Structure formats: C-alpha cells, structure tokens
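Peer 1: Pasting start12.txt below, which is compact mmCIF, N, CA and C atoms and all ligand atoms.
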```txt
# COMPACT_ATOMS: atom_id res chain seq x y z
N MET A 284 47.97 17.87 -69.72
CA MET A 284 47.58 17.06 -68.55
C MET A 284 48.68 17.11 -67.49
N GLN A 285 49.89 16.99 -67.92
CA GLN A 285 51.02 17.04 -67.00
C GLN A 285 51.07 18.40 -66.30
N GLN A 286 50.83 19.45 -67.06
CA GLN A 286 50.85 20.80 -66.50
C GLN A 286 49.76 20.95 -65.45
N PHE A 287 48.58 20.44 -65.76
CA PHE A 287 47.47 20.53 -64.84
C PHE A 287 47.80 19.82 -63.53
N GLU A 288 48.44 18.67 -63.62
CA GLU A 288 48.79 17.91 -62.42
C GLU A 288 49.82 18.66 -61.58
N SER A 289 50.81 19.23 -62.24
CA SER A 289 51.86 19.90 -61.48
C SER A 289 51.32 21.18 -60.85
N LEU A 290 50.30 21.76 -61.46
CA LEU A 290 49.68 22.94 -60.87
C LEU A 290 49.02 22.59 -59.55
N ARG A 291 48.36 21.43 -59.54
CA ARG A 291 47.62 21.04 -58.34
C ARG A 291 48.54 20.49 -57.27
N ALA A 292 49.64 19.87 -57.68
CA ALA A 292 50.53 19.24 -56.72
C ALA A 292 51.28 20.30 -55.93
N SER A 293 51.61 19.94 -54.69
CA SER A 293 52.37 20.86 -53.86
C SER A 293 53.64 20.17 -53.43
N SER A 294 54.41 20.84 -52.63
CA SER A 294 55.63 20.24 -52.12
C SER A 294 55.41 19.75 -50.70
N LEU A 295 55.91 18.57 -50.43
CA LEU A 295 55.81 18.01 -49.08
C LEU A 295 57.21 17.59 -48.62
N TYR A 296 57.39 17.59 -47.31
CA TYR A 296 58.69 17.18 -46.78
C TYR A 296 58.88 15.69 -46.95
N CYS A 297 60.01 15.31 -47.54
CA CYS A 297 60.33 13.90 -47.74
C CYS A 297 61.46 13.52 -46.80
N LYS A 298 61.23 12.46 -46.02
CA LYS A 298 62.24 12.03 -45.05
C LYS A 298 63.47 11.47 -45.76
N LYS A 299 63.23 10.75 -46.85
CA LYS A 299 64.35 10.13 -47.57
C LYS A 299 65.23 11.19 -48.23
N CYS A 300 64.58 12.15 -48.89
CA CYS A 300 65.33 13.21 -49.58
C CYS A 300 65.78 14.30 -48.61
N GLN A 301 65.21 14.30 -47.42
CA GLN A 301 65.53 15.26 -46.36
C GLN A 301 65.33 16.70 -46.80
N THR A 302 64.32 16.90 -47.64
CA THR A 302 63.96 18.25 -48.04
C THR A 302 62.53 18.23 -48.56
N ALA A 303 61.96 19.39 -48.76
CA ALA A 303 60.62 19.46 -49.34
C ALA A 303 60.72 19.14 -50.83
N MET A 304 59.95 18.16 -51.25
CA MET A 304 60.01 17.72 -52.64
C MET A 304 58.66 17.93 -53.31
N PRO A 305 58.67 18.22 -54.60
CA PRO A 305 57.40 18.26 -55.34
C PRO A 305 56.78 16.87 -55.33
N VAL A 306 55.47 16.81 -55.23
CA VAL A 306 54.82 15.52 -55.16
C VAL A 306 53.99 15.25 -56.42
N ARG A 307 53.79 13.98 -56.67
CA ARG A 307 52.99 13.53 -57.78
C ARG A 307 51.73 12.90 -57.21
N GLU A 308 50.60 13.26 -57.77
CA GLU A 308 49.34 12.73 -57.27
C GLU A 308 48.99 11.46 -58.02
N LYS A 309 48.70 10.41 -57.26
CA LYS A 309 48.38 9.13 -57.90
C LYS A 309 47.05 8.63 -57.34
N LEU A 310 46.15 8.27 -58.21
CA LEU A 310 44.86 7.75 -57.77
C LEU A 310 45.05 6.38 -57.15
N LEU A 311 44.68 6.28 -55.87
CA LEU A 311 44.98 5.07 -55.12
C LEU A 311 43.75 4.15 -55.05
N LEU A 312 42.60 4.76 -54.77
CA LEU A 312 41.42 3.97 -54.50
C LEU A 312 40.18 4.74 -54.93
N VAL A 313 39.26 4.06 -55.56
CA VAL A 313 38.01 4.70 -55.96
C VAL A 313 36.88 4.05 -55.19
N LEU A 314 36.19 4.83 -54.40
CA LEU A 314 35.04 4.35 -53.63
C LEU A 314 33.78 5.01 -54.18
N PRO A 315 32.62 4.46 -53.85
CA PRO A 315 31.37 5.03 -54.38
C PRO A 315 31.19 6.51 -54.04
N ASP A 316 31.67 6.92 -52.87
CA ASP A 316 31.43 8.31 -52.45
C ASP A 316 32.69 9.16 -52.40
N LYS A 317 33.83 8.55 -52.67
CA LYS A 317 35.07 9.35 -52.65
C LYS A 317 36.20 8.63 -53.38
N GLU A 318 37.24 9.41 -53.66
CA GLU A 318 38.45 8.85 -54.26
C GLU A 318 39.63 9.20 -53.37
N ILE A 319 40.57 8.29 -53.26
CA ILE A 319 41.73 8.52 -52.41
C ILE A 319 42.97 8.62 -53.29
N TYR A 320 43.69 9.72 -53.10
CA TYR A 320 44.90 9.95 -53.87
C TYR A 320 46.11 9.81 -52.96
N ASP A 321 47.19 9.30 -53.55
CA ASP A 321 48.45 9.14 -52.86
C ASP A 321 49.40 10.21 -53.38
N TYR A 322 50.12 10.84 -52.49
CA TYR A 322 51.13 11.81 -52.91
C TYR A 322 52.49 11.14 -52.88
N LEU A 323 53.12 11.07 -54.05
CA LEU A 323 54.42 10.41 -54.14
C LEU A 323 55.51 11.44 -54.40
N CYS A 324 56.64 11.28 -53.71
CA CYS A 324 57.79 12.13 -53.92
C CYS A 324 58.29 11.93 -55.35
N THR A 325 58.55 13.04 -56.05
CA THR A 325 59.04 12.91 -57.42
C THR A 325 60.51 12.49 -57.46
N GLY A 326 61.19 12.59 -56.30
CA GLY A 326 62.60 12.21 -56.26
C GLY A 326 62.80 10.73 -56.02
N CYS A 327 62.11 10.18 -55.00
CA CYS A 327 62.38 8.79 -54.63
C CYS A 327 61.11 7.95 -54.65
N ALA A 328 59.98 8.54 -55.03
CA ALA A 328 58.71 7.82 -55.18
C ALA A 328 58.15 7.30 -53.86
N SER A 329 58.62 7.85 -52.73
CA SER A 329 58.03 7.48 -51.45
C SER A 329 56.65 8.11 -51.32
N SER A 330 55.77 7.44 -50.58
CA SER A 330 54.46 8.01 -50.32
C SER A 330 54.59 9.04 -49.22
N LEU A 331 54.21 10.28 -49.50
CA LEU A 331 54.37 11.36 -48.53
C LEU A 331 53.05 11.75 -47.88
N GLY A 332 51.96 11.23 -48.38
CA GLY A 332 50.69 11.58 -47.79
C GLY A 332 49.55 11.15 -48.68
N GLN A 333 48.35 11.26 -48.15
CA GLN A 333 47.18 10.88 -48.92
C GLN A 333 46.12 11.95 -48.82
N ARG A 334 45.25 11.95 -49.82
CA ARG A 334 44.19 12.95 -49.83
C ARG A 334 42.90 12.27 -50.24
N GLU A 335 41.84 12.59 -49.54
CA GLU A 335 40.53 12.06 -49.89
C GLU A 335 39.74 13.14 -50.61
N VAL A 336 39.15 12.75 -51.72
CA VAL A 336 38.30 13.68 -52.45
C VAL A 336 36.89 13.14 -52.40
N THR A 337 35.99 13.90 -51.80
CA THR A 337 34.62 13.43 -51.68
C THR A 337 33.87 13.59 -53.00
N ALA A 338 32.74 12.90 -53.09
CA ALA A 338 31.96 12.96 -54.33
C ALA A 338 31.55 14.38 -54.67
N GLY A 339 31.23 15.16 -53.64
CA GLY A 339 30.85 16.56 -53.87
C GLY A 339 31.97 17.35 -54.51
N GLU A 340 33.21 17.18 -54.00
CA GLU A 340 34.35 17.88 -54.57
C GLU A 340 34.60 17.41 -55.99
N LEU A 341 34.43 16.11 -56.23
CA LEU A 341 34.65 15.56 -57.56
C LEU A 341 33.68 16.18 -58.55
N LEU A 342 32.42 16.27 -58.14
CA LEU A 342 31.41 16.86 -59.01
C LEU A 342 31.78 18.30 -59.35
N MET A 343 32.24 19.03 -58.31
CA MET A 343 32.60 20.43 -58.53
C MET A 343 33.78 20.55 -59.49
N SER A 344 34.82 19.72 -59.28
CA SER A 344 36.00 19.82 -60.13
C SER A 344 35.66 19.38 -61.55
N ARG A 345 34.76 18.39 -61.68
CA ARG A 345 34.39 17.93 -63.02
C ARG A 345 33.60 19.01 -63.76
N SER A 346 32.68 19.67 -63.06
CA SER A 346 31.91 20.72 -63.73
C SER A 346 32.82 21.90 -64.04
N ALA A 347 33.81 22.15 -63.16
CA ALA A 347 34.76 23.23 -63.43
C ALA A 347 35.57 22.91 -64.67
N MET A 348 35.95 21.64 -64.81
CA MET A 348 36.75 21.25 -65.97
C MET A 348 35.94 21.37 -67.25
N SER A 349 34.69 20.94 -67.20
CA SER A 349 33.88 21.01 -68.42
C SER A 349 33.61 22.47 -68.78
N ARG A 350 33.52 23.32 -67.74
CA ARG A 350 33.32 24.73 -68.00
C ARG A 350 34.56 25.31 -68.69
N GLN A 351 35.73 24.90 -68.19
CA GLN A 351 36.97 25.34 -68.83
C GLN A 351 37.02 24.89 -70.27
N ALA A 352 36.64 23.64 -70.51
CA ALA A 352 36.71 23.09 -71.86
C ALA A 352 35.79 23.88 -72.81
N SER A 353 34.57 24.16 -72.33
CA SER A 353 33.66 24.87 -73.19
C SER A 353 34.13 26.32 -73.40
N THR A 354 34.76 26.88 -72.37
CA THR A 354 35.30 28.24 -72.52
C THR A 354 36.38 28.25 -73.60
N ARG A 355 37.24 27.22 -73.54
CA ARG A 355 38.30 27.12 -74.53
C ARG A 355 37.70 26.99 -75.94
N GLY A 356 36.58 26.24 -76.02
CA GLY A 356 35.97 26.04 -77.33
C GLY A 356 35.42 27.32 -77.90
N ILE A 357 34.88 28.16 -77.02
CA ILE A 357 34.29 29.41 -77.50
C ILE A 357 35.36 30.38 -77.97
N PHE A 358 36.43 30.49 -77.16
CA PHE A 358 37.44 31.49 -77.53
C PHE A 358 38.47 30.91 -78.47
ZN ZN A 401 61.92 11.69 -51.69
```
Write out the structure in this file as structure tokens.
Peer 2:
Amino acid sequence: MQQFESLRASSLYCKKCQTAMPVREKLLLVLPDKEIYDYLCTGCASSLGQREVTAGELLMSRSAMSRQASTRGIF
C-alpha cells in the first residue's frame, strides 16, 4: 500500500523546505460525486496542494485496481 501511494505521489515545491519535496496524499473530504485529497509535504507536513477526484475517475481507478488484483490471482 505504501509503495502504491509513493508511486502516485509526485514532488511539489515546499515553501518551508525551500525545495521540491515528495508529497503524501491524504484523503481530505468525501463528497457524493467526488473526493478531495490533500498533498502534504513529507518533510514538514505542510499542505502543498489539493486534488479533486471525480466519481468517474474513482470508478476507473477502482476497476483498474480490481483488474490488477484478479490478474495477480491468476498469475
Ligand atoms: Zn516541507
């Protein structure tokens, strides 16, 4: 799970650290049609940005994940 998260996370410029830092994705808010994620600096835990994931994207990522799981089961 940790590996999967770090794969998706990118680096963003952090004002406090004064450099581009790897970010941690944190689920901030769940709405009926979307989810909002907060990007936190792994160095100082400042919020560096937010991302909205729409229901359509969620459905796609969920089906992609289940496809991966079933692929793993077969092989
Ligand atoms: Zn920082």
Peer 1: Pick out the residues no farther than 6 Å from ligand ZN 401 (chain A), counting only C-alpha atoms and all ligand atoms, and list them as a VMD selection string.
Peer 2: chain A and resid 297 299 to 300 324 326 to 327 329
Peer 1: Give me the residues near A:Arg334 as a count of residues only, where near means some atom within 7 Å (using all atoms listed in the file) and where sequence neighbours in that chain fewer than 2 positions away do not count.
Peer 2: 7
Peer 1: Determine, counting all atoms listed in the file, which protein, DNA and RNA residues have an atom within 8 Å of an atom of stretch 303-306 of chain A; residues of the same chain fewer than 2 positions away are not included. Present the result as a PyMOL selection string.
Peer 2: chain A and resi 288-289+291-298+300-301+308-309+321-326+331
Peer 1: State, in Å with one decimal place, the distance from atom CA of A:Ser349 to atom CA of A:Glu335.
Peer 2: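 We find that atom CA of A:Ser349 and atom CA of A:Glu335 lie 21.6 Å from each other.
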Peer 1: Using DSSP assignments from the backbone, pull out every residue in stretch 302-353 of chain A that falls under helix (DSSP H, G or I) and give it to me as an MDAnalysis selection string.
Peer 2: chainID A and resid 338:353
Peer 1: Just how far from atom C of A:Asp316 is atom C of A:Thr337, in Å to one decimal?
Peer 2: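 Atom C of A:Thr337 sits 4.6 Å away from atom C of A:Asp316.
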Peer 1: Report the distance between atom C of A:Val313 and atom N of A:Ala328 in Å, rounded to one decimal place.
Peer 2: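 Going from atom C of A:Val313 over to atom N of A:Ala328, I get 23.5 Å.
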